[in-house]
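Enquirer: Just one file: protein.txt, with compact mmCIF, C-alpha atoms.
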```
# COMPACT_ATOMS: atom_id res chain seq x y z
CA MET A 1 -41.19 -28.66 26.98
CA SER A 2 -43.34 -31.35 28.56
CA ASP A 3 -40.75 -33.88 27.44
CA THR A 4 -39.47 -34.38 30.99
CA LYS A 5 -37.74 -37.63 30.15
CA ASN A 6 -35.15 -35.91 28.00
CA ASN A 7 -35.45 -32.34 29.19
CA TRP A 8 -35.28 -30.91 32.65
CA PRO A 9 -38.46 -29.02 33.55
CA LEU A 10 -38.69 -25.42 32.47
CA ARG A 11 -38.45 -22.76 35.16
CA GLU A 12 -38.97 -19.03 35.13
CA VAL A 13 -36.36 -16.84 36.75
CA PHE A 14 -37.01 -13.59 38.60
CA ILE A 15 -34.15 -11.35 39.67
CA ARG A 16 -34.13 -8.49 42.16
CA SER A 17 -31.53 -6.05 40.95
CA LYS A 18 -31.21 -4.09 44.18
CA GLN A 19 -32.78 -3.60 47.58
CA GLY A 20 -36.16 -1.94 47.44
CA LEU A 21 -36.99 -3.08 43.93
CA GLY A 22 -39.22 -6.00 43.12
CA HIS A 23 -38.13 -9.21 41.43
CA ARG A 24 -38.42 -8.90 37.67
CA HIS A 25 -38.75 -11.66 35.17
CA ALA A 26 -35.30 -12.27 33.72
CA GLY A 27 -35.89 -15.31 31.54
CA SER A 28 -36.24 -19.04 31.81
CA LEU A 29 -34.02 -22.08 32.11
CA HIS A 30 -34.14 -25.82 32.63
CA ALA A 31 -33.20 -27.49 35.90
CA PRO A 32 -34.08 -30.81 37.54
CA ASP A 33 -34.96 -29.28 40.91
CA ALA A 34 -35.32 -25.96 42.67
CA GLU A 35 -31.87 -26.04 44.24
CA MET A 36 -30.09 -26.50 40.96
CA ALA A 37 -32.42 -24.01 39.33
CA ILE A 38 -31.11 -21.33 41.70
CA GLY A 39 -27.54 -22.31 40.87
CA ASN A 40 -28.23 -22.26 37.15
CA ALA A 41 -30.05 -18.95 37.41
CA ARG A 42 -27.07 -17.51 39.22
CA ASP A 43 -24.77 -18.65 36.42
CA VAL A 44 -27.01 -17.70 33.53
CA TYR A 45 -28.60 -14.45 34.70
CA THR A 46 -26.35 -12.82 37.33
CA ARG A 47 -22.86 -13.13 35.85
CA ARG A 48 -22.68 -9.39 35.26
CA GLN A 49 -23.86 -8.29 38.69
CA GLU A 50 -27.50 -8.13 37.63
CA GLY A 51 -28.91 -9.24 40.91
CA ILE A 52 -28.89 -9.63 44.66
CA SER A 53 -31.76 -12.09 44.97
CA ILE A 54 -33.21 -14.84 42.81
CA TRP A 55 -36.63 -16.45 42.62
CA VAL A 56 -37.19 -19.51 40.51
CA VAL A 57 -40.67 -20.80 39.75
CA PRO A 58 -41.70 -23.91 37.83
CA ALA A 59 -43.06 -22.59 34.55
CA GLU A 60 -46.09 -24.87 34.85
CA SER A 61 -47.02 -23.11 38.12
CA ILE A 62 -47.57 -19.85 36.32
CA SER A 63 -51.13 -19.22 35.18
CA ALA A 64 -51.21 -16.80 32.28
CA SER A 65 -53.97 -14.78 30.70
CA SER A 66 -54.83 -15.84 27.21
CA PRO A 67 -54.09 -13.46 24.32
CA THR A 68 -57.55 -14.24 22.92
CA ASP A 69 -59.07 -12.77 26.08
CA SER A 70 -57.16 -9.53 25.84
CA GLU A 71 -60.07 -7.55 24.43
CA SER A 72 -62.38 -8.37 27.28
CA LEU A 73 -59.63 -8.12 29.89
CA PHE A 74 -57.85 -4.95 28.90
CA ASP A 75 -59.86 -2.87 26.45
CA PRO A 76 -62.53 -1.80 28.96
CA ALA A 77 -59.87 0.24 30.79
CA ASN A 78 -59.22 2.32 27.67
CA ASP A 79 -61.94 4.92 28.24
CA LYS A 80 -61.69 5.16 32.01
CA VAL A 81 -59.26 8.02 32.20
CA TYR A 82 -60.61 9.00 35.60
CA ARG A 83 -58.72 6.01 37.03
CA HIS A 84 -55.49 7.94 36.54
CA PRO A 85 -54.74 10.32 39.39
CA THR A 86 -53.80 13.03 36.88
CA PHE A 87 -57.42 13.13 35.68
CA PHE A 88 -58.48 15.15 38.69
CA VAL A 89 -57.78 18.83 39.00
CA LEU A 90 -56.52 19.53 42.46
CA PRO A 91 -57.29 22.68 44.39
CA ASP A 92 -54.28 24.99 44.71
CA GLU A 93 -54.13 24.35 48.47
CA VAL A 94 -52.86 20.80 47.83
CA ASN A 95 -50.07 21.63 45.41
CA HIS A 96 -47.68 19.11 46.87
CA MET A 97 -49.48 15.94 45.89
CA MET B 1 11.26 -20.25 53.27
CA ASN B 2 13.66 -18.64 50.81
CA LYS B 3 12.69 -16.50 47.87
CA VAL B 4 12.93 -19.31 45.32
CA GLN B 5 10.69 -21.52 47.42
CA HIS B 6 8.25 -18.65 47.88
CA LYS B 7 8.14 -18.11 44.14
CA GLN B 8 7.61 -21.83 43.52
CA ALA B 9 4.83 -22.07 46.09
CA LEU B 10 2.92 -19.26 44.36
CA LEU B 11 3.64 -20.80 40.98
CA ARG B 12 2.00 -24.04 42.10
CA LEU B 13 -1.12 -22.20 43.20
CA GLY B 14 -1.26 -20.55 39.81
CA ASP B 15 -0.53 -23.73 37.87
CA ASP B 16 -3.28 -25.72 39.60
CA ALA B 17 -5.79 -23.03 38.66
CA LEU B 18 -4.44 -22.53 35.14
CA ILE B 19 -4.48 -26.16 34.07
CA LEU B 20 -7.89 -26.90 35.56
CA GLY B 21 -9.29 -23.70 34.07
CA GLN B 22 -7.94 -24.64 30.65
CA ARG B 23 -9.44 -28.11 30.98
CA LEU B 24 -12.87 -26.79 31.96
CA GLY B 25 -12.81 -24.30 29.11
CA ASP B 26 -12.96 -27.28 26.77
CA TRP B 27 -16.56 -27.85 27.89
CA CYS B 28 -17.62 -24.59 26.31
CA GLY B 29 -20.31 -25.54 23.82
CA HIS B 30 -20.19 -29.23 24.80
CA ALA B 31 -21.76 -29.57 28.26
CA PRO B 32 -24.85 -31.76 28.61
CA ALA B 33 -27.14 -28.75 29.05
CA LEU B 34 -26.85 -25.08 28.20
CA GLU B 35 -27.12 -24.12 31.87
CA GLU B 36 -24.31 -26.50 32.82
CA ASP B 37 -22.22 -25.22 29.93
CA ILE B 38 -22.36 -21.75 31.43
CA ALA B 39 -21.73 -23.06 34.94
CA LEU B 40 -18.58 -24.93 33.94
CA THR B 41 -17.17 -22.08 31.91
CA ASN B 42 -17.94 -19.63 34.73
CA ILE B 43 -15.86 -21.84 36.99
CA ALA B 44 -13.13 -21.93 34.34
CA LEU B 45 -13.08 -18.14 34.26
CA ASP B 46 -12.82 -17.95 38.05
CA LEU B 47 -9.83 -20.26 37.84
CA ILE B 48 -8.15 -18.28 35.09
CA GLY B 49 -8.66 -15.10 37.11
CA ARG B 50 -6.97 -16.69 40.08
CA THR B 51 -4.21 -17.90 37.78
CA GLN B 52 -3.45 -14.36 36.65
CA SER B 53 -3.16 -13.16 40.24
CA TYR B 54 -0.93 -15.95 41.50
CA LEU B 55 1.30 -16.11 38.42
CA THR B 56 1.80 -12.34 38.48
CA LEU B 57 2.80 -12.57 42.13
CA SER B 58 5.11 -15.48 41.45
CA GLY B 59 6.64 -13.83 38.39
CA ALA B 60 7.47 -10.71 40.38
CA LEU B 61 9.78 -12.79 42.57
CA ASN B 62 11.76 -14.13 39.64
CA GLU B 63 15.51 -13.63 39.79
CA VAL B 64 18.33 -14.47 37.43
CA ASN B 65 21.83 -14.60 38.95
CA GLY B 66 20.64 -12.69 41.99
CA GLU B 67 19.12 -9.90 39.96
CA SER B 68 15.40 -9.25 39.86
CA LYS B 69 13.98 -10.31 36.52
CA PRO B 70 10.17 -10.19 36.78
CA LEU B 71 8.09 -12.41 34.52
CA THR B 72 4.51 -11.66 33.55
CA ASP B 73 1.61 -14.06 34.01
CA ASP B 74 1.46 -14.57 30.24
CA GLN B 75 5.16 -15.40 30.04
CA LEU B 76 4.70 -18.00 32.75
CA ALA B 77 1.55 -19.48 31.26
CA PHE B 78 2.57 -19.57 27.62
CA HIS B 79 6.35 -19.75 27.53
CA ARG B 80 7.19 -22.51 29.94
CA VAL B 81 7.76 -26.12 28.94
CA GLU B 82 5.92 -29.07 30.42
CA ARG B 83 8.64 -29.94 32.91
CA ASP B 84 8.40 -26.48 34.42
CA PHE B 85 4.70 -26.79 35.25
CA GLN B 86 4.08 -27.79 38.85
CA ASN B 87 0.35 -28.38 38.92
CA LEU B 88 -1.22 -31.40 40.58
CA LEU B 89 -1.62 -34.41 38.30
CA LEU B 90 -5.31 -34.47 39.24
CA VAL B 91 -6.13 -31.20 37.48
CA GLU B 92 -4.47 -32.15 34.20
CA GLN B 93 -6.50 -35.36 33.82
CA PRO B 94 -8.67 -35.30 30.68
CA ASN B 95 -12.27 -34.16 30.92
CA GLY B 96 -13.59 -37.62 30.05
CA ASP B 97 -17.35 -37.74 30.43
CA PHE B 98 -19.32 -35.28 32.52
CA GLY B 99 -18.93 -37.52 35.58
CA ASP B 100 -15.14 -37.58 35.23
CA THR B 101 -15.08 -33.80 35.08
CA ILE B 102 -17.36 -33.48 38.12
CA ALA B 103 -15.36 -36.03 40.11
CA ARG B 104 -12.08 -34.23 39.32
CA GLN B 105 -13.67 -30.92 40.30
CA PHE B 106 -15.14 -32.31 43.51
CA LEU B 107 -11.83 -33.75 44.69
CA PHE B 108 -9.98 -30.55 43.84
CA ASP B 109 -12.56 -28.00 45.07
CA ASN B 110 -12.54 -29.42 48.57
CA TYR B 111 -8.75 -29.27 48.64
CA ALA B 112 -8.60 -25.79 47.09
CA LEU B 113 -11.10 -24.41 49.59
CA LEU B 114 -9.20 -25.65 52.63
CA ARG B 115 -5.94 -24.40 51.16
CA ALA B 116 -7.41 -20.97 50.37
CA GLU B 117 -8.89 -20.71 53.86
CA HIS B 118 -5.41 -21.16 55.28
CA ILE B 119 -3.69 -18.79 52.86
CA ALA B 120 -6.30 -16.09 53.44
CA THR B 121 -5.45 -15.94 57.13
CA GLN B 122 -1.64 -16.13 57.04
CA THR B 123 0.54 -13.04 57.21
CA PHE B 124 3.70 -14.25 55.49
CA ASP B 125 2.45 -12.99 52.12
CA LEU B 126 -0.40 -10.49 52.33
CA ASP B 127 -0.92 -10.33 48.57
CA ALA B 128 -1.43 -14.08 48.46
CA ALA B 129 -3.81 -13.73 51.40
CA ALA B 130 -5.88 -11.16 49.54
CA ILE B 131 -6.11 -13.37 46.45
CA ALA B 132 -7.13 -16.33 48.59
CA ALA B 133 -9.76 -14.29 50.42
CA LYS B 134 -11.40 -13.44 47.11
CA ALA B 135 -11.00 -17.00 45.87
CA ILE B 136 -12.77 -18.48 48.90
CA LYS B 137 -16.11 -17.04 47.81
CA GLU B 138 -15.67 -18.47 44.34
CA ILE B 139 -14.49 -21.87 45.53
CA ARG B 140 -17.40 -22.22 47.95
CA TYR B 141 -19.68 -21.98 44.96
CA HIS B 142 -17.56 -24.41 42.94
CA GLN B 143 -17.54 -26.86 45.82
CA ASP B 144 -21.28 -26.56 46.24
CA HIS B 145 -21.78 -27.12 42.52
CA SER B 146 -19.54 -30.18 42.28
CA SER B 147 -20.76 -31.69 45.57
CA LYS B 148 -24.39 -31.43 44.54
CA TRP B 149 -23.62 -33.09 41.24
CA ILE B 150 -21.79 -35.90 43.02
CA ILE B 151 -24.86 -36.45 45.18
CA ARG B 152 -27.25 -36.27 42.23
CA LEU B 153 -25.24 -38.63 40.09
CA GLY B 154 -24.44 -41.02 42.93
CA ASP B 155 -28.00 -41.05 44.15
CA GLY B 156 -29.54 -40.95 40.67
CA THR B 157 -30.06 -43.80 38.25
CA PRO B 158 -28.11 -47.09 38.37
CA GLU B 159 -26.15 -45.90 35.34
CA SER B 160 -25.25 -42.49 36.79
CA HIS B 161 -24.31 -44.18 40.05
CA SER B 162 -21.96 -46.69 38.48
CA ARG B 163 -20.39 -44.11 36.18
CA ILE B 164 -19.65 -41.53 38.87
CA GLN B 165 -18.34 -44.27 41.15
CA ASN B 166 -16.06 -45.34 38.34
CA SER B 167 -14.87 -41.76 37.79
CA ILE B 168 -13.98 -41.39 41.45
CA ASN B 169 -12.22 -44.75 41.48
CA GLU B 170 -10.16 -43.79 38.43
CA LEU B 171 -9.11 -40.40 39.79
CA TRP B 172 -8.45 -41.53 43.33
CA LYS B 173 -4.82 -42.41 42.64
CA PHE B 174 -4.15 -38.71 41.99
CA THR B 175 -5.46 -37.53 45.38
CA GLY B 176 -2.46 -38.70 47.39
CA GLU B 177 -0.26 -36.10 45.75
CA MET B 178 -2.29 -33.29 47.33
CA PHE B 179 -1.14 -34.41 50.76
CA THR B 180 2.40 -35.56 50.01
CA PRO B 181 4.61 -32.67 51.08
CA ASP B 182 7.94 -31.94 49.46
CA GLU B 183 10.54 -29.41 50.62
CA ILE B 184 8.55 -26.46 49.30
CA ASP B 185 5.38 -27.57 51.09
CA LEU B 186 7.33 -28.06 54.29
CA ALA B 187 9.14 -24.73 54.05
CA GLY B 188 5.84 -23.04 53.18
CA ALA B 189 4.11 -24.61 56.14
CA SER B 190 6.81 -23.59 58.58
CA ALA B 191 6.82 -20.03 57.21
CA GLY B 192 3.03 -20.00 57.55
CA LEU B 193 2.23 -19.40 53.88
CA LEU B 194 1.04 -22.94 53.14
CA PRO B 195 -1.12 -25.21 55.26
CA ASP B 196 0.14 -28.26 57.09
CA LEU B 197 -0.91 -30.97 54.66
CA SER B 198 -1.49 -33.68 57.25
CA ALA B 199 -3.95 -31.45 59.11
CA LEU B 200 -5.52 -30.50 55.80
CA LYS B 201 -6.03 -34.15 54.90
CA ILE B 202 -8.10 -34.78 58.01
CA LYS B 203 -10.50 -31.99 57.05
CA TRP B 204 -10.52 -33.01 53.39
CA ASP B 205 -11.29 -36.62 54.32
CA SER B 206 -14.23 -35.62 56.40
CA ALA B 207 -15.62 -33.26 53.73
CA ILE B 208 -15.23 -35.88 51.00
CA ASN B 209 -16.58 -38.70 53.14
CA SER B 210 -19.76 -36.91 54.08
CA VAL B 211 -20.63 -36.09 50.46
CA LEU B 212 -19.76 -39.59 49.24
CA GLU B 213 -21.92 -41.04 51.96
CA GLU B 214 -24.85 -38.83 51.05
CA ALA B 215 -24.34 -39.83 47.43
CA SER B 216 -24.29 -43.52 48.46
CA LEU B 217 -20.87 -43.84 46.85
CA VAL B 218 -17.99 -45.90 48.16
CA ARG B 219 -14.78 -44.13 49.07
CA PRO B 220 -11.94 -45.97 47.33
CA ASP B 221 -9.11 -47.36 49.44
CA ASP B 222 -6.00 -45.22 49.78
CA ALA B 223 -3.86 -47.64 47.79
CA TRP B 224 -0.95 -46.72 45.50
CA MET B 225 -0.86 -43.03 44.69
CA GLN B 226 0.74 -41.44 41.67
CA THR B 227 2.80 -38.31 42.34
CA GLY B 228 5.21 -36.15 40.37
CA GLY B 229 3.25 -33.10 39.25
CA ARG B 230 4.93 -30.85 41.81
CA GLN B 231 8.30 -31.97 40.41
CA GLY B 232 7.27 -31.42 36.80
CA LEU B 233 6.81 -35.12 36.06
CA HIS B 234 3.43 -35.13 34.40
CA THR B 235 1.02 -37.62 32.89
CA GLU B 236 0.98 -37.76 29.11
CA SER B 237 -2.13 -35.60 28.78
CA LEU B 238 -0.52 -32.36 29.98
CA GLY B 239 1.68 -32.09 26.89
CA PHE B 240 -1.35 -32.06 24.59
CA LEU B 241 -3.10 -29.48 26.75
CA LEU B 242 -0.07 -27.19 26.70
CA ALA B 243 0.45 -27.63 22.97
CA GLU B 244 -3.06 -26.37 22.35
CA MET B 245 -2.99 -23.66 25.00
CA GLN B 246 0.41 -22.29 24.01
CA SER B 247 0.34 -22.65 20.25
CA LEU B 248 -1.05 -19.22 19.46
CA PRO B 249 1.15 -17.06 21.71
CA ARG B 250 4.19 -19.07 20.67
CA THR B 251 3.41 -18.72 16.98
CA TYR B 252 2.47 -15.05 17.24
CA PRO B 253 4.26 -13.76 20.36
CA ASP B 254 3.04 -10.19 19.85
CA ALA B 255 -0.58 -11.06 19.11
CA THR B 256 -3.12 -8.95 20.98
CA TRP B 257 -6.89 -8.93 20.96
```
What's the structure tokens form of this structure?
Expert:
Amino acid sequence: MSDTKNNWPLREVFIRSKQGLGHRHAGSLHAPDAEMAIGNARDVYTRRQEGISIWVVPAESISASSPTDSESLFDPANDKVYRHPTFFVLPDEVNHM
Amino acid sequence: MNKVQHKQALLRLGDDALILGQRLGDWCGHAPALEEDIALTNIALDLIGRTQSYLTLSGALNEVNGESKPLTDDQLAFHRVERDFQNLLLVEQPNGDFGDTIARQFLFDNYALLRAEHIATQTFDLDAAAIAAKAIKEIRYHQDHSSKWIIRLGDGTPESHSRIQNSINELWKFTGEMFTPDEIDLAGASAGLLPDLSALKIKWDSAINSVLEEASLVRPDDAWMQTGGRQGLHTESLGFLLAEMQSLPRTYPDATW
């Protein structure tokens, strides 16, 4: 993908499906610049009314966590059930939480 | 504008879209990049959609010996001979390389947009106005797409510059036809349905010139222009296109899918 001489740079596409929702990752595509990336994203990812707004980000601008780090990053949360709001028993007086 | 002229005017709108849509469909699976493949075929589908609307409208006005004899869009698309097609010569020109296709699209999109903007606001034929109003949104995207490619190719590498300049030079002789009115254009303009082509040319010139300038391309001189598409006198490539497009429905007239 770093072969920019023969390939346009890779970009990640995020689509907002309707007002009030966040942009969700829809997929990726190649485009020479941001403007054309939006056009390509429109053609590739919104042909069936999937979206009302598009973000396109150069793939190289995304920093990702490494799968090899997943144990140290994510496992410690496994036994911390008290971080879920449902862990706490609420008094009857606040039954509309 | 009499009924026959009205029918013909709508037929031309449909034929321009049909032939260009069929041409663009040929890029499916062959465009230089997957993204562009989808873009071109999306545009083709927009054009075929517009074709269905205009041909249906035109077919409804068909008469034989003074009696109404409606024709469907499919009958008009698949069961007419070459001489009965009235599309612009520009849209039937072969796809050539990607630059040829973009140049053809760029010259046509700017014309189609101005024409649709007129048709959308006239009151002679409200169905045609509704189709044009929907088409405007599509054509604005097509025009944006083709204009940006013209700028990228013109302003790109020496090779892309010379090739897109060459494409525009080659196709230029087919642009005069867009602004050469015949009796149907004149009747349509006086009835309000069609735009006044001399006024349209001024706007088209300025739209084309500004993009060509930004693309550092040279606008060719308005020299000899080839016409005849509106009268059914086509370049040799239309016959091949129709043979391919029509072969299946003509071989199996009742085929469905």
Enquirer: Select residues of chain A: the criterion is any atom within 12 Å of an atom of chain B, counting only C-alpha atoms; output as a ChimeraX atom specification.
Expert: /A:6-8,10-11,28-33,35-48
Enquirer: Which centre and edge lengths in Å to one decimal define the box along x, y and z that fits every listed atom of range 5-11 of chain A plus 3 Å per side, as lines of an AutoDock Vina configuration file?
Expert:
```
center_x = -36.9
center_y = -30.2
center_z = 31.6
size_x = 9.5
size_y = 20.9
size_z = 13.2
```
Enquirer: Need to verify the contact set: Gln165 in chain B, 12 Å, only C-alpha atoms, exclusion of same-chain residues closer than 5 positions in sequence. Can you return it as a short mmCIF file (atom, residue, chain, number, x, y, z; two decimals) with C-alpha atoms, keeping the file's coordinate frame?
Expert:
```cif
data_model
loop_
_atom_site.label_atom_id
_atom_site.label_comp_id
_atom_site.auth_asym_id
_atom_site.auth_seq_id
_atom_site.Cartn_x
_atom_site.Cartn_y
_atom_site.Cartn_z
CA GLY B 99 -18.93 -37.52 35.58
CA ASP B 100 -15.14 -37.58 35.23
CA ILE B 102 -17.36 -33.48 38.12
CA ALA B 103 -15.36 -36.03 40.11
CA ARG B 104 -12.08 -34.23 39.32
CA ILE B 150 -21.79 -35.90 43.02
CA ILE B 151 -24.86 -36.45 45.18
CA LEU B 153 -25.24 -38.63 40.09
CA GLY B 154 -24.44 -41.02 42.93
CA ASP B 155 -28.00 -41.05 44.15
CA GLY B 156 -29.54 -40.95 40.67
CA PRO B 158 -28.11 -47.09 38.37
CA GLU B 159 -26.15 -45.90 35.34
CA SER B 160 -25.25 -42.49 36.79
CA GLU B 170 -10.16 -43.79 38.43
CA LEU B 171 -9.11 -40.40 39.79
CA TRP B 172 -8.45 -41.53 43.33
CA LEU B 212 -19.76 -39.59 49.24
CA GLU B 213 -21.92 -41.04 51.96
CA ALA B 215 -24.34 -39.83 47.43
CA SER B 216 -24.29 -43.52 48.46
CA LEU B 217 -20.87 -43.84 46.85
CA VAL B 218 -17.99 -45.90 48.16
CA ARG B 219 -14.78 -44.13 49.07
CA PRO B 220 -11.94 -45.97 47.33
#
```
Enquirer: Would you mind telling me which residue in B:Leu197, B:Leu242, B:Ile208, B:Ala128 lies nearest to Ala9 in chain B when using only C-alpha atoms?
Expert: B:Ala128
Enquirer: Show me the residues close to (-15.4, -33.7, 30.9) - anything with an atom within 12 Å, counting all atoms listed in the file - and format the list as number ranges by chain.
Expert: B: 20, 22-32, 36-37, 40-41, 91-105, 164, 167
Enquirer: May I have the residues within 7 Å of Ala26 in chain A as a list in words, using only C-alpha atoms and disregarding those fewer than 2 positions away in the same chain?
Expert: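 Non-adjacent residues within range: Val13, Phe14, Ile15 and Arg24 of chain A.
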Enquirer: May I ask for the distance between CA of Gly66 in chain B and CA of Asn87 in chain B, given in Å to one decimal place?
Expert: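 Taking CA of Gly66 in chain B as the start and CA of Asn87 in chain B as the end point, the length is 25.8 Å.
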Enquirer: In file coordinates, which residues lie within 6 Å of (-2.7, -22.3, 55.4) using only C-alpha atoms, given as a PyMOL selection string?
Expert: chain B and resi 115+118-119+193-195
Enquirer: Could you tell me how far CA of Leu200 in chain B sits from CA of Met1 in chain B, in Å to one decimal place?
Expert: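 Spanning CA of Met1 in chain B to CA of Leu200 in chain B is a straight-line distance of 19.8 Å.
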Enquirer: For Ile48 in chain B, please output as a PDB file with C-alpha atoms, keeping the file's coordinate frame all residues within 8 Å (counting all atoms listed in the file; exclusion window: fewer than 6 positions along the same chain).
Expert:
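Saved as result16.pdb:
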```pdb
ATOM      1  CA  ALA B  17      -5.790 -23.030  38.660  1.00  0.00           C
ATOM      2  CA  LEU B  18      -4.440 -22.530  35.140  1.00  0.00           C
ATOM      3  CA  GLY B  21      -9.290 -23.700  34.070  1.00  0.00           C
ATOM      4  CA  GLN B  22      -7.940 -24.640  30.650  1.00  0.00           C
TER       5      GLN B  22
END
```
Enquirer: Expressed in Å to a single decimal, how great is the separation between CA of Ala44 in chain B and CA of Asp109 in chain B?
Expert: 12.3 Å
Enquirer: Regenerate range 42-49 of chain B at the level of all heavy atoms and dump it as a tab-separated table (two decimals), keeping the file's coordinate frame.
Expert:
```tsv
chain	number	residue	atom	x	y	z
B	42	ASN	N	-18.08	-20.63	33.66
B	42	ASN	CA	-17.94	-19.63	34.73
B	42	ASN	C	-16.84	-20.05	35.70
B	42	ASN	O	-16.02	-19.24	36.13
B	42	ASN	CB	-19.24	-19.52	35.54
B	42	ASN	CG	-20.16	-18.42	35.02
B	42	ASN	OD1	-19.76	-17.63	34.17
B	42	ASN	ND2	-21.36	-18.38	35.54
B	43	ILE	N	-16.86	-21.33	36.06
B	43	ILE	CA	-15.86	-21.84	36.99
B	43	ILE	C	-14.48	-21.73	36.34
B	43	ILE	O	-13.50	-21.32	36.99
B	43	ILE	CB	-16.19	-23.29	37.39
B	43	ILE	CG1	-17.49	-23.32	38.19
B	43	ILE	CG2	-15.05	-23.92	38.18
B	43	ILE	CD1	-18.05	-24.71	38.45
B	44	ALA	N	-14.41	-22.05	35.06
B	44	ALA	CA	-13.13	-21.93	34.34
B	44	ALA	C	-12.61	-20.50	34.42
B	44	ALA	O	-11.42	-20.27	34.67
B	44	ALA	CB	-13.31	-22.37	32.88
B	45	LEU	N	-13.51	-19.55	34.23
B	45	LEU	CA	-13.08	-18.14	34.26
B	45	LEU	C	-12.61	-17.73	35.65
B	45	LEU	O	-11.65	-16.97	35.79
B	45	LEU	CB	-14.21	-17.23	33.78
B	45	LEU	CG	-14.47	-17.26	32.28
B	45	LEU	CD1	-15.71	-16.44	31.94
B	45	LEU	CD2	-13.27	-16.74	31.51
B	46	ASP	N	-13.29	-18.22	36.68
B	46	ASP	CA	-12.82	-17.95	38.05
B	46	ASP	C	-11.39	-18.46	38.22
B	46	ASP	O	-10.54	-17.79	38.81
B	46	ASP	CB	-13.71	-18.66	39.07
B	46	ASP	CG	-15.08	-18.00	39.24
B	46	ASP	OD1	-15.24	-16.84	38.78
B	46	ASP	OD2	-15.98	-18.64	39.81
B	47	LEU	N	-11.16	-19.66	37.69
B	47	LEU	CA	-9.83	-20.26	37.84
B	47	LEU	C	-8.77	-19.48	37.07
B	47	LEU	O	-7.66	-19.28	37.56
B	47	LEU	CB	-9.88	-21.72	37.37
B	47	LEU	CG	-10.60	-22.68	38.33
B	47	LEU	CD1	-11.01	-23.96	37.61
B	47	LEU	CD2	-9.71	-23.02	39.52
B	48	ILE	N	-9.12	-19.04	35.88
B	48	ILE	CA	-8.15	-18.28	35.09
B	48	ILE	C	-7.86	-16.93	35.76
B	48	ILE	O	-6.71	-16.45	35.77
B	48	ILE	CB	-8.64	-18.08	33.64
B	48	ILE	CG1	-8.81	-19.44	32.94
B	48	ILE	CG2	-7.68	-17.20	32.84
B	48	ILE	CD1	-7.56	-20.28	32.82
B	49	GLY	N	-8.88	-16.35	36.37
B	49	GLY	CA	-8.66	-15.10	37.11
B	49	GLY	C	-7.68	-15.29	38.26
B	49	GLY	O	-6.77	-14.48	38.47
```
